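File shown here: input31.cif, holding mmCIF, C-alpha atoms and all ligand atoms.
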data_start
#
loop_
_atom_site.label_atom_id
_atom_site.label_comp_id
_atom_site.auth_asym_id
_atom_site.auth_seq_id
_atom_site.Cartn_x
_atom_site.Cartn_y
_atom_site.Cartn_z
CA MET A 300 226.67 103.46 51.88
CA ASP A 301 227.20 106.78 53.53
CA MET A 302 224.72 108.95 55.34
CA GLU A 303 223.87 111.00 52.21
CA GLN A 304 222.86 107.92 50.24
CA TRP A 305 220.64 106.74 53.06
CA LYS A 306 219.01 110.13 53.19
CA GLU A 307 218.32 110.02 49.45
CA ILE A 308 216.72 106.59 49.67
CA LEU A 309 214.60 107.65 52.60
CA GLN A 310 213.55 110.85 50.84
CA GLU A 311 212.56 108.93 47.72
CA TRP A 312 210.53 106.46 49.76
CA MET A 313 208.76 109.29 51.59
CA ASN A 314 207.92 111.03 48.31
CA LYS A 315 206.45 107.82 46.90
CA THR A 316 204.34 107.20 50.00
CA ALA A 317 203.06 110.77 49.99
CA GLN A 318 202.09 110.41 46.34
CA GLN A 319 200.29 107.14 47.04
CA LEU A 320 198.39 108.75 49.89
CA ARG A 321 197.31 111.58 47.62
CA GLU A 322 195.99 109.08 45.09
CA ILE A 323 193.83 107.11 47.51
CA PRO A 324 191.14 109.69 48.18
CA ILE A 325 190.61 110.19 44.43
CA GLU A 326 190.11 106.48 43.89
CA GLN A 327 187.82 106.23 46.87
CA TYR A 328 185.89 109.21 45.63
CA LEU A 329 185.46 107.68 42.17
CA PHE A 330 184.54 104.33 43.68
CA GLY A 331 181.94 106.06 45.84
CA LEU A 332 180.38 107.71 42.80
CA PHE A 333 180.37 104.42 40.94
CA LYS A 334 178.75 102.65 43.86
CA ARG A 335 176.18 105.33 44.41
CA SER A 336 174.96 105.29 40.84
CA LYS A 337 174.74 101.53 41.05
CA SER A 338 172.56 101.22 44.15
CA ASP A 339 169.52 102.63 42.35
CA THR A 340 168.73 99.20 40.96
CA ILE A 341 165.27 97.70 41.28
CA LEU A 342 165.19 93.99 40.58
CA VAL A 343 162.10 92.37 39.12
CA ALA A 344 161.90 88.64 39.82
CA GLY A 345 159.22 85.95 39.83
CA LEU A 346 158.13 82.80 38.02
CA SER A 347 158.09 82.60 34.25
CA GLY A 348 154.87 84.02 32.85
CA SER A 349 154.03 86.15 35.88
CA GLY A 350 154.35 89.35 33.84
CA LYS A 351 157.77 90.82 34.62
CA THR A 352 158.67 91.90 31.12
CA VAL A 353 155.27 93.52 30.52
CA LEU A 354 155.75 95.37 33.81
CA PHE A 355 159.24 96.48 32.76
CA TYR A 356 157.86 98.03 29.56
CA GLN A 357 155.03 99.71 31.45
CA LEU A 358 157.49 101.30 33.87
CA ARG A 359 159.73 102.50 31.06
CA ASP A 360 157.35 103.35 28.23
CA GLY A 361 153.85 103.38 29.70
CA SER A 362 152.92 100.64 27.26
CA ALA A 363 152.60 96.85 27.57
CA HIS A 364 154.40 96.05 24.29
CA GLN A 365 151.90 93.35 23.33
CA GLY A 366 153.42 90.03 22.46
CA THR A 367 156.20 89.36 24.96
CA VAL A 368 157.82 85.95 24.82
CA THR A 369 159.66 84.05 27.56
CA SER A 370 162.78 86.09 28.24
CA MET A 371 166.14 84.44 27.64
CA ASP A 372 168.21 87.30 29.06
CA PRO A 373 167.73 89.89 31.75
CA ASN A 374 166.12 93.10 30.54
CA GLU A 375 168.04 96.02 31.90
CA GLY A 376 167.37 99.71 31.54
CA THR A 377 168.15 102.99 33.28
CA PHE A 378 165.38 105.51 32.86
CA VAL A 379 163.06 108.02 34.50
CA LEU A 380 159.73 106.30 35.24
CA HIS A 381 157.30 106.96 32.41
CA SER A 382 154.70 108.24 34.87
CA GLU A 383 157.15 110.68 36.45
CA SER A 384 156.32 114.33 35.93
CA SER A 385 158.10 116.36 38.59
CA GLU A 386 161.14 114.54 39.97
CA LYS A 387 163.45 113.25 37.30
CA VAL A 388 165.17 110.54 39.30
CA LYS A 389 166.66 107.81 37.15
CA VAL A 390 166.20 104.23 38.17
CA CYS A 391 167.89 101.12 36.87
CA VAL A 392 165.36 98.33 36.44
CA VAL A 393 166.44 94.74 35.84
CA ASP A 394 163.89 92.11 34.85
CA VAL A 395 165.42 88.71 35.64
CA PRO A 396 163.82 85.87 33.63
CA GLY A 397 161.91 83.28 35.66
CA HIS A 398 163.41 80.26 33.92
CA SER A 399 165.28 78.27 36.56
CA ARG A 400 168.49 78.26 34.55
CA LEU A 401 168.54 82.06 34.35
CA ARG A 402 167.60 82.77 37.96
CA PRO A 403 171.23 82.76 39.22
CA LYS A 404 171.58 86.02 37.27
CA LEU A 405 169.78 87.59 40.20
CA ASP A 406 172.89 87.19 42.37
CA GLU A 407 174.90 89.34 39.99
CA TYR A 408 172.56 92.29 40.49
CA LEU A 409 171.66 91.84 44.16
CA PRO A 410 174.63 93.77 45.61
CA GLN A 411 173.31 96.92 43.87
CA ALA A 412 169.66 96.36 44.73
CA ALA A 413 167.69 99.20 46.30
CA GLY A 414 164.64 96.95 46.27
CA LEU A 415 163.18 93.81 44.76
CA VAL A 416 159.76 93.42 43.16
CA PHE A 417 158.55 89.82 43.26
CA VAL A 418 155.84 89.36 40.65
CA VAL A 419 153.14 86.74 41.26
CA ASP A 420 150.55 85.66 38.70
CA ALA A 421 147.32 86.27 40.63
CA LEU A 422 145.27 84.63 37.91
CA ASP A 423 147.03 81.29 37.65
CA PHE A 424 148.13 81.40 41.26
CA LEU A 425 147.10 78.09 42.86
CA PRO A 426 148.95 75.70 40.51
CA ASN A 427 152.07 77.86 40.90
CA CYS A 428 151.79 78.65 44.59
CA ARG A 429 154.38 76.12 45.73
CA ALA A 430 156.90 77.09 43.05
CA ALA A 431 156.43 80.79 43.75
CA ALA A 432 156.88 80.20 47.48
CA GLU A 433 160.07 78.23 46.84
CA TYR A 434 161.54 81.01 44.72
CA LEU A 435 160.52 83.65 47.25
CA PHE A 436 161.94 81.56 50.10
CA GLU A 437 165.22 81.35 48.21
CA ILE A 438 165.29 85.13 47.79
CA LEU A 439 164.34 85.95 51.38
CA THR A 440 167.12 83.72 52.75
CA LYS A 441 169.88 85.09 50.52
CA ALA A 442 172.73 86.57 52.56
CA THR A 443 172.71 89.84 50.60
CA VAL A 444 168.96 90.31 51.06
CA VAL A 445 169.12 89.60 54.77
CA LYS A 446 172.31 91.53 55.53
CA LYS A 447 171.45 94.58 53.43
CA LYS A 448 167.77 94.37 54.41
CA VAL A 449 166.69 94.67 50.79
CA PRO A 450 163.01 95.73 50.78
CA VAL A 451 160.74 93.35 48.88
CA LEU A 452 157.39 94.11 47.26
CA ILE A 453 155.30 91.06 46.42
CA VAL A 454 153.09 92.27 43.62
CA CYS A 455 149.99 90.27 42.70
CA ASN A 456 149.77 90.86 38.99
CA LYS A 457 146.99 90.48 36.38
CA THR A 458 144.30 92.03 38.58
CA ASP A 459 142.55 93.23 35.41
CA LYS A 460 140.85 89.81 35.34
CA VAL A 461 137.93 89.31 37.73
CA THR A 462 139.07 85.79 38.55
CA ALA A 463 142.40 87.03 39.90
CA HIS A 464 143.00 86.14 43.54
CA THR A 465 143.16 88.95 46.07
CA LYS A 466 146.45 90.08 47.54
CA GLU A 467 145.30 89.05 51.03
CA PHE A 468 144.61 85.51 49.83
CA ILE A 469 147.94 85.32 48.03
CA ARG A 470 149.87 86.65 51.01
CA LYS A 471 148.30 84.05 53.33
CA GLN A 472 148.94 81.18 50.92
CA LEU A 473 152.55 82.20 50.39
CA GLU A 474 153.11 82.50 54.13
CA LYS A 475 151.63 79.03 54.63
CA GLU A 476 153.82 77.50 51.93
CA ILE A 477 156.93 79.23 53.23
CA ASP A 478 156.11 77.99 56.71
CA LYS A 479 156.05 74.41 55.37
CA LEU A 480 159.29 74.94 53.46
CA ARG A 481 160.95 76.38 56.51
CA ALA A 482 159.97 73.36 58.61
CA SER A 483 161.24 70.86 56.04
CA ARG A 484 164.49 72.74 55.38
CA THR A 485 165.26 72.95 59.09
CA ALA A 486 164.59 69.24 59.45
CA ILE A 487 166.99 68.31 56.63
CA SER A 488 170.13 69.51 58.30
CA ALA A 489 171.17 72.13 60.75
CA ALA A 490 174.50 72.39 58.92
CA ASP A 491 172.80 73.47 55.69
CA MET A 492 171.17 76.30 57.53
CA SER A 493 174.51 77.96 58.14
CA THR A 494 174.83 78.83 54.46
CA GLU A 495 171.44 80.45 54.28
CA TYR A 496 169.73 82.70 56.74
CA ALA A 497 166.98 81.32 58.92
CA LEU A 498 163.60 82.84 58.22
CA GLY A 499 160.99 84.06 60.67
CA VAL A 500 160.67 83.38 64.37
CA ALA A 501 161.34 79.84 65.64
CA GLY A 502 158.22 78.24 67.06
CA GLU A 503 155.86 80.70 65.40
CA THR A 504 153.88 80.32 62.18
CA PHE A 505 155.68 82.22 59.47
CA ALA A 506 154.49 85.70 58.55
CA PHE A 507 156.21 88.21 56.26
CA SER A 508 156.13 90.72 59.11
CA GLN A 509 158.78 88.60 60.86
CA CYS A 510 161.37 89.31 58.17
CA HIS A 511 164.11 91.76 59.09
CA ASN A 512 163.83 93.38 55.69
CA LYS A 513 160.55 95.08 54.84
CA VAL A 514 158.23 92.77 52.90
CA SER A 515 155.04 94.36 51.60
CA VAL A 516 152.27 93.14 49.33
CA GLY A 517 150.66 95.08 46.49
CA GLU A 518 148.77 94.48 43.28
CA SER A 519 149.10 95.48 39.66
CA SER A 520 148.05 94.93 36.11
CA GLY A 521 150.97 95.30 33.79
CA LEU A 522 148.63 94.84 30.87
CA THR A 523 146.41 97.84 31.64
CA GLY A 524 149.16 99.95 33.19
CA ASP A 525 147.65 99.89 36.65
CA ILE A 526 151.06 99.74 38.31
CA SER A 527 150.91 102.45 40.97
CA HIS A 528 151.94 100.10 43.82
CA VAL A 529 155.13 99.22 41.96
CA GLU A 530 155.87 102.84 41.09
CA GLN A 531 155.28 103.91 44.68
CA PHE A 532 157.68 101.22 45.89
CA ILE A 533 160.34 102.39 43.44
CA ARG A 534 159.93 106.06 44.40
CA GLU A 535 160.16 105.16 48.05
CA HIS A 536 163.41 103.24 47.70
CA VAL A 537 165.28 104.97 44.90
CA ARG A 538 166.37 108.46 45.76
CA SER A 539 168.78 110.60 43.85
N1 LIG B 601 145.70 89.57 31.94
C1 LIG B 601 146.95 89.93 32.11
N2 LIG B 601 147.95 89.30 31.46
C2 LIG B 601 149.22 89.70 31.66
C3 LIG B 601 149.54 90.76 32.55
N3 LIG B 601 150.88 90.92 32.54
C4 LIG B 601 151.37 90.00 31.71
N4 LIG B 601 150.39 89.27 31.17
C5 LIG B 601 150.55 88.18 30.20
O1 LIG B 601 151.30 87.14 30.79
C6 LIG B 601 152.20 86.56 29.85
C7 LIG B 601 153.61 86.59 30.37
O2 LIG B 601 154.06 87.92 30.52
P1 LIG B 601 155.62 88.27 30.53
O3 LIG B 601 155.76 89.67 30.95
O4 LIG B 601 156.27 87.88 29.26
O5 LIG B 601 156.12 87.26 31.66
P2 LIG B 601 157.59 87.17 32.35
O6 LIG B 601 157.37 87.21 33.81
O7 LIG B 601 158.49 88.17 31.77
O8 LIG B 601 158.06 85.69 31.97
P3 LIG B 601 159.56 85.15 31.72
O9 LIG B 601 160.26 86.09 30.82
O10 LIG B 601 159.38 83.79 31.12
O11 LIG B 601 160.21 85.04 33.07
C8 LIG B 601 152.00 87.34 28.54
O12 LIG B 601 151.15 86.61 27.70
C9 LIG B 601 151.36 88.63 28.99
O13 LIG B 601 150.53 89.18 28.00
C10 LIG B 601 148.46 91.42 33.22
O14 LIG B 601 148.63 92.35 34.00
N5 LIG B 601 147.20 90.96 32.97
MG MG B 602 160.14 88.08 30.60
#

Please render this file's structure as structure tokens.
Amino acid sequence: MDMEQWKEILQEWMNKTAQQLREIPIEQYLFGLFKRSKSDTILVAGLSGSGKTVLFYQLRDGSAHQGTVTSMDPNEGTFVLHSESSEKVKVCVVDVPGHSRLRPKLDEYLPQAAGLVFVVDALDFLPNCRAAAEYLFEILTKATVVKKKVPVLIVCNKTDKVTAHTKEFIRKQLEKEIDKLRASRTAISAADMSTEYALGVAGETFAFSQCHNKVSVGESSGLTGDISHVEQFIREHVRS
């Protein structure tokens, strides 16, 4: 090969590289847009029967849609909150069914989560306290939740009934249960702990305030539409 041929090859290679470089920013730009629109997701999780689907309908339509049945698939919708009058910010809400077989669906949506609403049945709380704490423990130790500091709102639902437990009571009970779970999980194996993220401060009784992500407690009644704590949480964490 003579010098001219080498020059041609080199020129061709340089042209190709320049073209590739020009293409990258466009892809990155598109990817950025895609990602941005996706991080507006609010996940709604909690045990079966806690009232997630009713809450979903209240957020979207301002109505409870009487007669929900146990969900077999996540309910997903992108909409402006029904109660919204001024700002028209769209939010993607995903209601993940509480059935244990469907819970892994949560992991599919977590990378896009701007926040997570954990619904607790405040009426039938005591018999479900342990199970709710286990599910919450699982969520609070997920790598994505810990690393991305996903804010969590524990919402004590069904407060329309006078026999519903208060949010202070529920918070304390959940903290107590999680404290027990934490102790038993640590005892099982230190190796297992490497896959999940340790919760709270070693040597101290567990409190939600020890979490690196913000964990707050609110109350609601999906049935009557008294859902201002949930709406406030969504407005706070989903911005256009
Ligand atoms: N009193 C009262 N009942 C409620 C409230 N919210 C939901 N319920 C009732 O609780 C039951 C379960 O509500 P759902 O919204 O279907 O529960 P879910 O959390 O979606 O349950 P899964 O889909 O199985 O995970 C229904 O009978 C609702 O009518 C509430 O705020 N107050
Ligand atoms: Mg449901």

Counting only C-alpha atoms and all ligand atoms, which residues of chain A fall within 7 Å of ligand LIG 601 (chain B), and what is the closest atom pair for each with its distance in Å at one decimal, ordered by chain and rising number, as a Markdown table?
| residue | atom | partner | partner_atom | distance |
| --- | --- | --- | --- | --- |
| A:Gly345 | CA | B:LIG601 | O6 | 6.4 |
| A:Leu346 | CA | B:LIG601 | O11 | 5.8 |
| A:Ser347 | CA | B:LIG601 | O11 | 3.4 |
| A:Gly348 | CA | B:LIG601 | O5 | 3.7 |
| A:Ser349 | CA | B:LIG601 | O6 | 4.1 |
| A:Gly350 | CA | B:LIG601 | O3 | 3.2 |
| A:Lys351 | CA | B:LIG601 | O6 | 3.7 |
| A:Thr352 | CA | B:LIG601 | O3 | 3.7 |
| A:Val353 | CA | B:LIG601 | O3 | 3.9 |
| A:Leu354 | CA | B:LIG601 | O3 | 6.4 |
| A:Gln365 | CA | B:LIG601 | O13 | 6.4 |
| A:Gly366 | CA | B:LIG601 | O13 | 6.3 |
| A:Thr367 | CA | B:LIG601 | O4 | 4.5 |
| A:Val368 | CA | B:LIG601 | O4 | 5.1 |
| A:Thr369 | CA | B:LIG601 | O10 | 3.6 |
| A:Ser370 | CA | B:LIG601 | O9 | 3.6 |
| A:Met371 | CA | B:LIG601 | O9 | 6.9 |
| A:Val395 | CA | B:LIG601 | O11 | 6.9 |
| A:Pro396 | CA | B:LIG601 | O11 | 3.7 |
| A:Gly397 | CA | B:LIG601 | O11 | 3.6 |
| A:His398 | CA | B:LIG601 | O11 | 5.8 |
| A:Asn456 | CA | B:LIG601 | O14 | 5.3 |
| A:Lys457 | CA | B:LIG601 | O14 | 3.4 |
| A:Thr458 | CA | B:LIG601 | O14 | 6.3 |
| A:Asp459 | CA | B:LIG601 | N5 | 5.7 |
| A:Lys460 | CA | B:LIG601 | N1 | 5.9 |
| A:Ser519 | CA | B:LIG601 | O14 | 6.5 |
| A:Ser520 | CA | B:LIG601 | O14 | 3.4 |
| A:Gly521 | CA | B:LIG601 | O14 | 3.8 |
| A:Leu522 | CA | B:LIG601 | O14 | 4.0 |
| A:Thr523 | CA | B:LIG601 | O14 | 6.4 |

Residue nearest Leu422 of chain A - candidates A:His536, A:Lys306, A:Lys471, A:His464, atoms counted: only C-alpha atoms: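 With only C-alpha atoms as the atom set, the closest residue is A:His464.
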
Between atom CA of Ala497 of chain A and atom CA of Ile477 of chain A - distance in Å to one decimal: 11.7 Å

Residue with smallest distance to ligand MG 602 (chain B) - pool A:Ser362, A:Asp301, A:Glu307, A:Pro373, counting all atoms listed in the file: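 Smallest separation from ligand MG 602 (chain B) among the options: A:Pro373.
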
Two-atom distance - atom CA of Ala421 of chain A, atom CA of Ala482 of chain A (Å):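 Atom CA of Ala421 of chain A sits 25.5 Å away from atom CA of Ala482 of chain A.
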
From A:Glu518, A:Asp423, A:Asp478, A:Glu433, residue lying nearest Glu503 of chain A [only C-alpha atoms]: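 Residue with the minimum atom-to-atom distance to Glu503 of chain A: A:Asp478.
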
Residue with smallest distance to Tyr408 of chain A - pool A:Leu380, A:Cys510, A:Ile341, A:Ala501, counting only C-alpha atoms: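 When distances to Tyr408 of chain A are compared using only C-alpha atoms, the smallest one comes from A:Ile341.
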
Counting all atoms listed in the file, the option among A:Met302, A:His381, A:Ser338, A:Asp372 closest to Arg400 of chain A: A:Asp372

Atom-to-atom span, atom MG of ligand MG 602 (chain B) and atom CA of Glu530 of chain A, Å: 18.6 Å
